[in-house]
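Colleague: Before anything else, here's the structure in question.
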Amino acid sequence: MNEKLRFVRLPILLFVLFFVGRLVMGATMGVTKESYDLANRLFSMVILQVHVSILWGAVGRRYRGYGLGGSVAAVVLAVLASQILIFAGTAASYLAGANTFFNYPEALNQQAAVGFSAAMGARTITLIGNCVIGAITGAIGWALGGLLPESK
């Protein structure tokens with residue numbers, strides 16, 4: 001597992017940068033519908049998860065020699081790191097009483113503000129769901145890994 005953790009250091013760094021980008025945008029622009037939409041266009045962690053899943057699944061196969069299980073495990077590890085950041089960002093937002101992009105109703109798939117327990121329940125569901133989606137897209141990436149050129 002340590003080897004896979006080293007393999008996904010770059011994606012995890014990207015997730016951290018996107019997380020910080022969302023925090024900074026929320027702090028500087030305020031949390032409004034327009035700023036939330038802009039933050040999603042610039043720093044969508046979930047869209048980055050899909051891209052990382054496909055690419056790292058393929059790279060794991062071609063350049064690390066991972067089988068399907070190894071590539072999927074590495075991808076799920078990276079996606080889990082991103083989901084933990086989102087989960088923690090949501091919890092910290094509620095505990096601090098701050099309006100951020102992590103507790104914005106649309107981010108929680110809600111029409112209006114919800115309480116802490118409902119928000120954390122929603123985040124738990126998305127944590128599990130996005131890890132499953134990461135596993136599936138990682139497997140697709142692994143399948144596409146054969147298209148990458150071999151290293152010399």
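In the structure tokens, chains take the letters A, B, ... in the order shown, each chain's residues start at 1, and ligands count up from 1 in the order shown.
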For the interface of range 19-81 of chain A with range 101-109 of chain A (cut-off 7 Å, counting only C-alpha atoms), please tabulate each contacting residue of range 19-81 of chain A alongside its nearest pair of atoms and their separation in Å to one decimal, rows sorted by chain and increasing number, as JSON lines.

Modeller:
{"residue": "A:Arg22", "atom": "CA", "partner": "A:Phe101", "partner_atom": "CA", "distance": 6.8}
{"residue": "A:Gly26", "atom": "CA", "partner": "A:Phe101", "partner_atom": "CA", "distance": 6.3}
{"residue": "A:Val31", "atom": "CA", "partner": "A:Phe101", "partner_atom": "CA", "distance": 6.5}
{"residue": "A:Tyr36", "atom": "CA", "partner": "A:Phe101", "partner_atom": "CA", "distance": 6.4}

Colleague: Pick out the residues sitting within 12 Å of Leu68 in chain A, and hand them over as a list of chain:residue names; count only C-alpha atoms, and ignore anything fewer than 2 positions along from it in its own chain.

Modeller: A:Trp56, A:Gly57, A:Ala58, A:Val59, A:Gly60, A:Arg61, A:Arg62, A:Arg64, A:Gly65, A:Tyr66, A:Gly70, A:Ser71, A:Val72, A:Ala73, A:Ala74, A:Val75, A:Ala135, A:Ile136, A:Thr137, A:Gly138, A:Ala139, A:Ile140, A:Gly141, A:Trp142, A:Ala143, A:Leu144, A:Gly145, A:Gly146

Colleague: Write a file of the selected residues as a PDB file, in the first residue's frame, keeping C-alpha atoms.

Modeller:
ATOM      1  CA  TRP A  56      -3.954   7.040 -13.139  1.00  0.00           C
ATOM      2  CA  GLY A  57      -5.725   3.774 -13.907  1.00  0.00           C
ATOM      3  CA  ALA A  58      -4.080   3.794 -17.331  1.00  0.00           C
ATOM      4  CA  VAL A  59      -0.675   4.948 -16.071  1.00  0.00           C
ATOM      5  CA  GLY A  60      -0.741   2.330 -13.322  1.00  0.00           C
ATOM      6  CA  ARG A  61      -1.231  -0.378 -15.891  1.00  0.00           C
ATOM      7  CA  ARG A  62       1.274   0.792 -18.468  1.00  0.00           C
ATOM      8  CA  ARG A  64       3.774   0.544 -13.048  1.00  0.00           C
ATOM      9  CA  GLY A  65       2.667  -2.848 -14.332  1.00  0.00           C
ATOM     10  CA  TYR A  66      -0.355  -2.926 -12.054  1.00  0.00           C
ATOM     11  CA  GLY A  70      -3.676  -2.652  -8.295  1.00  0.00           C
ATOM     12  CA  SER A  71      -4.706   0.216 -10.555  1.00  0.00           C
ATOM     13  CA  VAL A  72      -8.168   0.402  -9.027  1.00  0.00           C
ATOM     14  CA  ALA A  73      -6.722   0.321  -5.497  1.00  0.00           C
ATOM     15  CA  ALA A  74      -4.372   3.225  -6.289  1.00  0.00           C
ATOM     16  CA  VAL A  75      -7.171   5.241  -7.857  1.00  0.00           C
ATOM     17  CA  ALA A 135     -13.163   2.369  -8.898  1.00  0.00           C
ATOM     18  CA  ILE A 136     -15.275   2.067 -12.049  1.00  0.00           C
ATOM     19  CA  THR A 137     -13.505   4.887 -13.889  1.00  0.00           C
ATOM     20  CA  GLY A 138     -10.155   3.557 -12.676  1.00  0.00           C
ATOM     21  CA  ALA A 139     -11.035   0.196 -14.230  1.00  0.00           C
ATOM     22  CA  ILE A 140     -11.965   1.964 -17.462  1.00  0.00           C
ATOM     23  CA  GLY A 141      -8.630   3.785 -17.318  1.00  0.00           C
ATOM     24  CA  TRP A 142      -6.835   0.501 -16.720  1.00  0.00           C
ATOM     25  CA  ALA A 143      -8.572  -0.954 -19.797  1.00  0.00           C
ATOM     26  CA  LEU A 144      -7.444   2.062 -21.840  1.00  0.00           C
ATOM     27  CA  GLY A 145      -3.894   1.822 -20.480  1.00  0.00           C
ATOM     28  CA  GLY A 146      -2.941  -0.517 -23.279  1.00  0.00           C
TER      29      GLY A 146
END

Colleague: With only C-alpha atoms as the counted atoms, please give the residues lying no more than 9 Å from Tyr63 in chain A, apart from itself and same-chain residues fewer than 6 positions off, as a compact mmCIF listing (two decimals) with N, CA and C atoms, in the first residue's frame.

Modeller:
# COMPACT_ATOMS: atom_id res chain seq x y z
N GLY A 145 -5.34 1.71 -20.68
CA GLY A 145 -3.89 1.82 -20.48
C GLY A 145 -3.07 1.14 -21.56
N LEU A 148 -1.52 3.45 -24.20
CA LEU A 148 -0.35 4.30 -23.93
C LEU A 148 0.89 3.67 -24.53
N GLU A 150 4.61 2.27 -24.76
CA GLU A 150 5.47 1.61 -23.78
C GLU A 150 6.66 2.49 -23.49
N SER A 151 7.16 2.38 -22.25
CA SER A 151 8.36 3.16 -21.89
C SER A 151 9.58 2.47 -22.49

Colleague: Using the chain letters and numbers from this document, which residues of range 30-152 of chain A does DSSP assign to alpha helix (DSSP H), as a VMD selection string?

Modeller: chain A and resid 33 to 43 45 to 64 68 to 96 116 to 144

Colleague: Hey, can you spit out that residue selection with C-alpha atoms as an mmCIF file, in the first residue's frame?

Modeller:
data_model
loop_
_atom_site.group_PDB
_atom_site.id
_atom_site.type_symbol
_atom_site.label_atom_id
_atom_site.label_comp_id
_atom_site.auth_asym_id
_atom_site.auth_seq_id
_atom_site.Cartn_x
_atom_site.Cartn_y
_atom_site.Cartn_z
ATOM 1 C CA LYS A 33 -24.592 31.255 -6.623
ATOM 2 C CA GLU A 34 -22.301 32.993 -9.113
ATOM 3 C CA SER A 35 -19.116 32.472 -7.099
ATOM 4 C CA TYR A 36 -20.078 28.843 -6.415
ATOM 5 C CA ASP A 37 -20.564 28.214 -10.144
ATOM 6 C CA LEU A 38 -17.212 29.866 -10.906
ATOM 7 C CA ALA A 39 -15.463 27.822 -8.209
ATOM 8 C CA ASN A 40 -16.901 24.644 -9.735
ATOM 9 C CA ARG A 41 -15.633 25.603 -13.161
ATOM 10 C CA LEU A 42 -12.144 26.336 -11.848
ATOM 11 C CA PHE A 43 -11.728 23.951 -8.912
ATOM 12 C CA MET A 45 -12.703 18.312 -7.047
ATOM 13 C CA VAL A 46 -15.193 15.701 -8.293
ATOM 14 C CA ILE A 47 -14.422 16.359 -11.959
ATOM 15 C CA LEU A 48 -10.716 16.172 -11.111
ATOM 16 C CA GLN A 49 -11.412 12.820 -9.420
ATOM 17 C CA VAL A 50 -12.865 11.433 -12.652
ATOM 18 C CA HIS A 51 -9.907 12.650 -14.707
ATOM 19 C CA VAL A 52 -7.392 11.294 -12.191
ATOM 20 C CA SER A 53 -9.229 7.972 -12.061
ATOM 21 C CA ILE A 54 -9.035 7.434 -15.792
ATOM 22 C CA LEU A 55 -5.472 8.670 -16.209
ATOM 23 C CA TRP A 56 -3.954 7.040 -13.139
ATOM 24 C CA GLY A 57 -5.725 3.774 -13.907
ATOM 25 C CA ALA A 58 -4.080 3.794 -17.331
ATOM 26 C CA VAL A 59 -0.675 4.948 -16.071
ATOM 27 C CA GLY A 60 -0.741 2.330 -13.322
ATOM 28 C CA ARG A 61 -1.231 -0.378 -15.891
ATOM 29 C CA ARG A 62 1.274 0.792 -18.468
ATOM 30 C CA TYR A 63 4.101 2.251 -16.425
ATOM 31 C CA ARG A 64 3.774 0.544 -13.048
ATOM 32 C CA LEU A 68 -6.678 -4.312 -12.652
ATOM 33 C CA GLY A 69 -6.886 -4.599 -8.861
ATOM 34 C CA GLY A 70 -3.676 -2.652 -8.295
ATOM 35 C CA SER A 71 -4.706 0.216 -10.555
ATOM 36 C CA VAL A 72 -8.168 0.402 -9.027
ATOM 37 C CA ALA A 73 -6.722 0.321 -5.497
ATOM 38 C CA ALA A 74 -4.372 3.225 -6.289
ATOM 39 C CA VAL A 75 -7.171 5.241 -7.857
ATOM 40 C CA VAL A 76 -9.568 4.623 -4.969
ATOM 41 C CA LEU A 77 -6.824 5.702 -2.556
ATOM 42 C CA ALA A 78 -6.474 9.026 -4.398
ATOM 43 C CA VAL A 79 -10.240 9.544 -4.630
ATOM 44 C CA LEU A 80 -10.616 8.706 -0.939
ATOM 45 C CA ALA A 81 -8.063 11.410 -0.079
ATOM 46 C CA SER A 82 -10.118 13.929 -2.053
ATOM 47 C CA GLN A 83 -13.349 12.820 -0.444
ATOM 48 C CA ILE A 84 -11.805 13.081 3.028
ATOM 49 C CA LEU A 85 -10.835 16.681 2.232
ATOM 50 C CA ILE A 86 -14.409 17.439 1.138
ATOM 51 C CA PHE A 87 -15.842 15.694 4.210
ATOM 52 C CA ALA A 88 -13.473 17.550 6.544
ATOM 53 C CA GLY A 89 -14.104 20.870 4.779
ATOM 54 C CA THR A 90 -17.834 20.425 5.274
ATOM 55 C CA ALA A 91 -17.487 19.467 8.939
ATOM 56 C CA ALA A 92 -15.089 22.352 9.642
ATOM 57 C CA SER A 93 -17.419 24.797 7.884
ATOM 58 C CA TYR A 94 -20.333 23.806 10.092
ATOM 59 C CA LEU A 95 -18.283 23.677 13.289
ATOM 60 C CA ALA A 96 -16.777 27.123 12.612
ATOM 61 C CA PHE A 116 -24.896 19.529 10.359
ATOM 62 C CA SER A 117 -26.165 15.951 10.653
ATOM 63 C CA ALA A 118 -28.014 16.069 7.317
ATOM 64 C CA ALA A 119 -24.956 17.574 5.624
ATOM 65 C CA MET A 120 -22.594 14.967 7.062
ATOM 66 C CA GLY A 121 -25.025 12.215 6.086
ATOM 67 C CA ALA A 122 -25.030 13.545 2.532
ATOM 68 C CA ARG A 123 -21.235 13.740 2.541
ATOM 69 C CA THR A 124 -20.962 10.163 3.802
ATOM 70 C CA ILE A 125 -23.133 8.955 0.934
ATOM 71 C CA THR A 126 -21.097 10.907 -1.617
ATOM 72 C CA LEU A 127 -17.827 9.706 -0.066
ATOM 73 C CA ILE A 128 -18.872 6.101 -0.638
ATOM 74 C CA GLY A 129 -20.499 6.797 -4.004
ATOM 75 C CA ASN A 130 -17.549 8.713 -5.402
ATOM 76 C CA CYS A 131 -15.125 5.996 -4.301
ATOM 77 C CA VAL A 132 -17.272 3.472 -6.193
ATOM 78 C CA ILE A 133 -17.343 5.745 -9.238
ATOM 79 C CA GLY A 134 -13.562 6.149 -8.897
ATOM 80 C CA ALA A 135 -13.163 2.369 -8.898
ATOM 81 C CA ILE A 136 -15.275 2.067 -12.049
ATOM 82 C CA THR A 137 -13.505 4.887 -13.889
ATOM 83 C CA GLY A 138 -10.155 3.557 -12.676
ATOM 84 C CA ALA A 139 -11.035 0.196 -14.230
ATOM 85 C CA ILE A 140 -11.965 1.964 -17.462
ATOM 86 C CA GLY A 141 -8.630 3.785 -17.318
ATOM 87 C CA TRP A 142 -6.835 0.501 -16.720
ATOM 88 C CA ALA A 143 -8.572 -0.954 -19.797
ATOM 89 C CA LEU A 144 -7.444 2.062 -21.840
#

Colleague: Rounded to one decimal place, report the CA of Ala113 in chain A-CA of Thr32 in chain A distance in Å.

Modeller: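 If I compute the distance from CA of Ala113 in chain A to CA of Thr32 in chain A, I get 12.8 Å.
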
Colleague: Could you jot down the CA of Ser44 in chain A to CA of Gly21 in chain A separation for me, Å, one decimal place?

Modeller: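 Distance reported for this atom pair: 9.7 Å.
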
Colleague: Could you tell me how far CA of Asn2 in chain A sits from CA of Leu14 in chain A, in Å to one decimal place?

Modeller: 18.9 Å
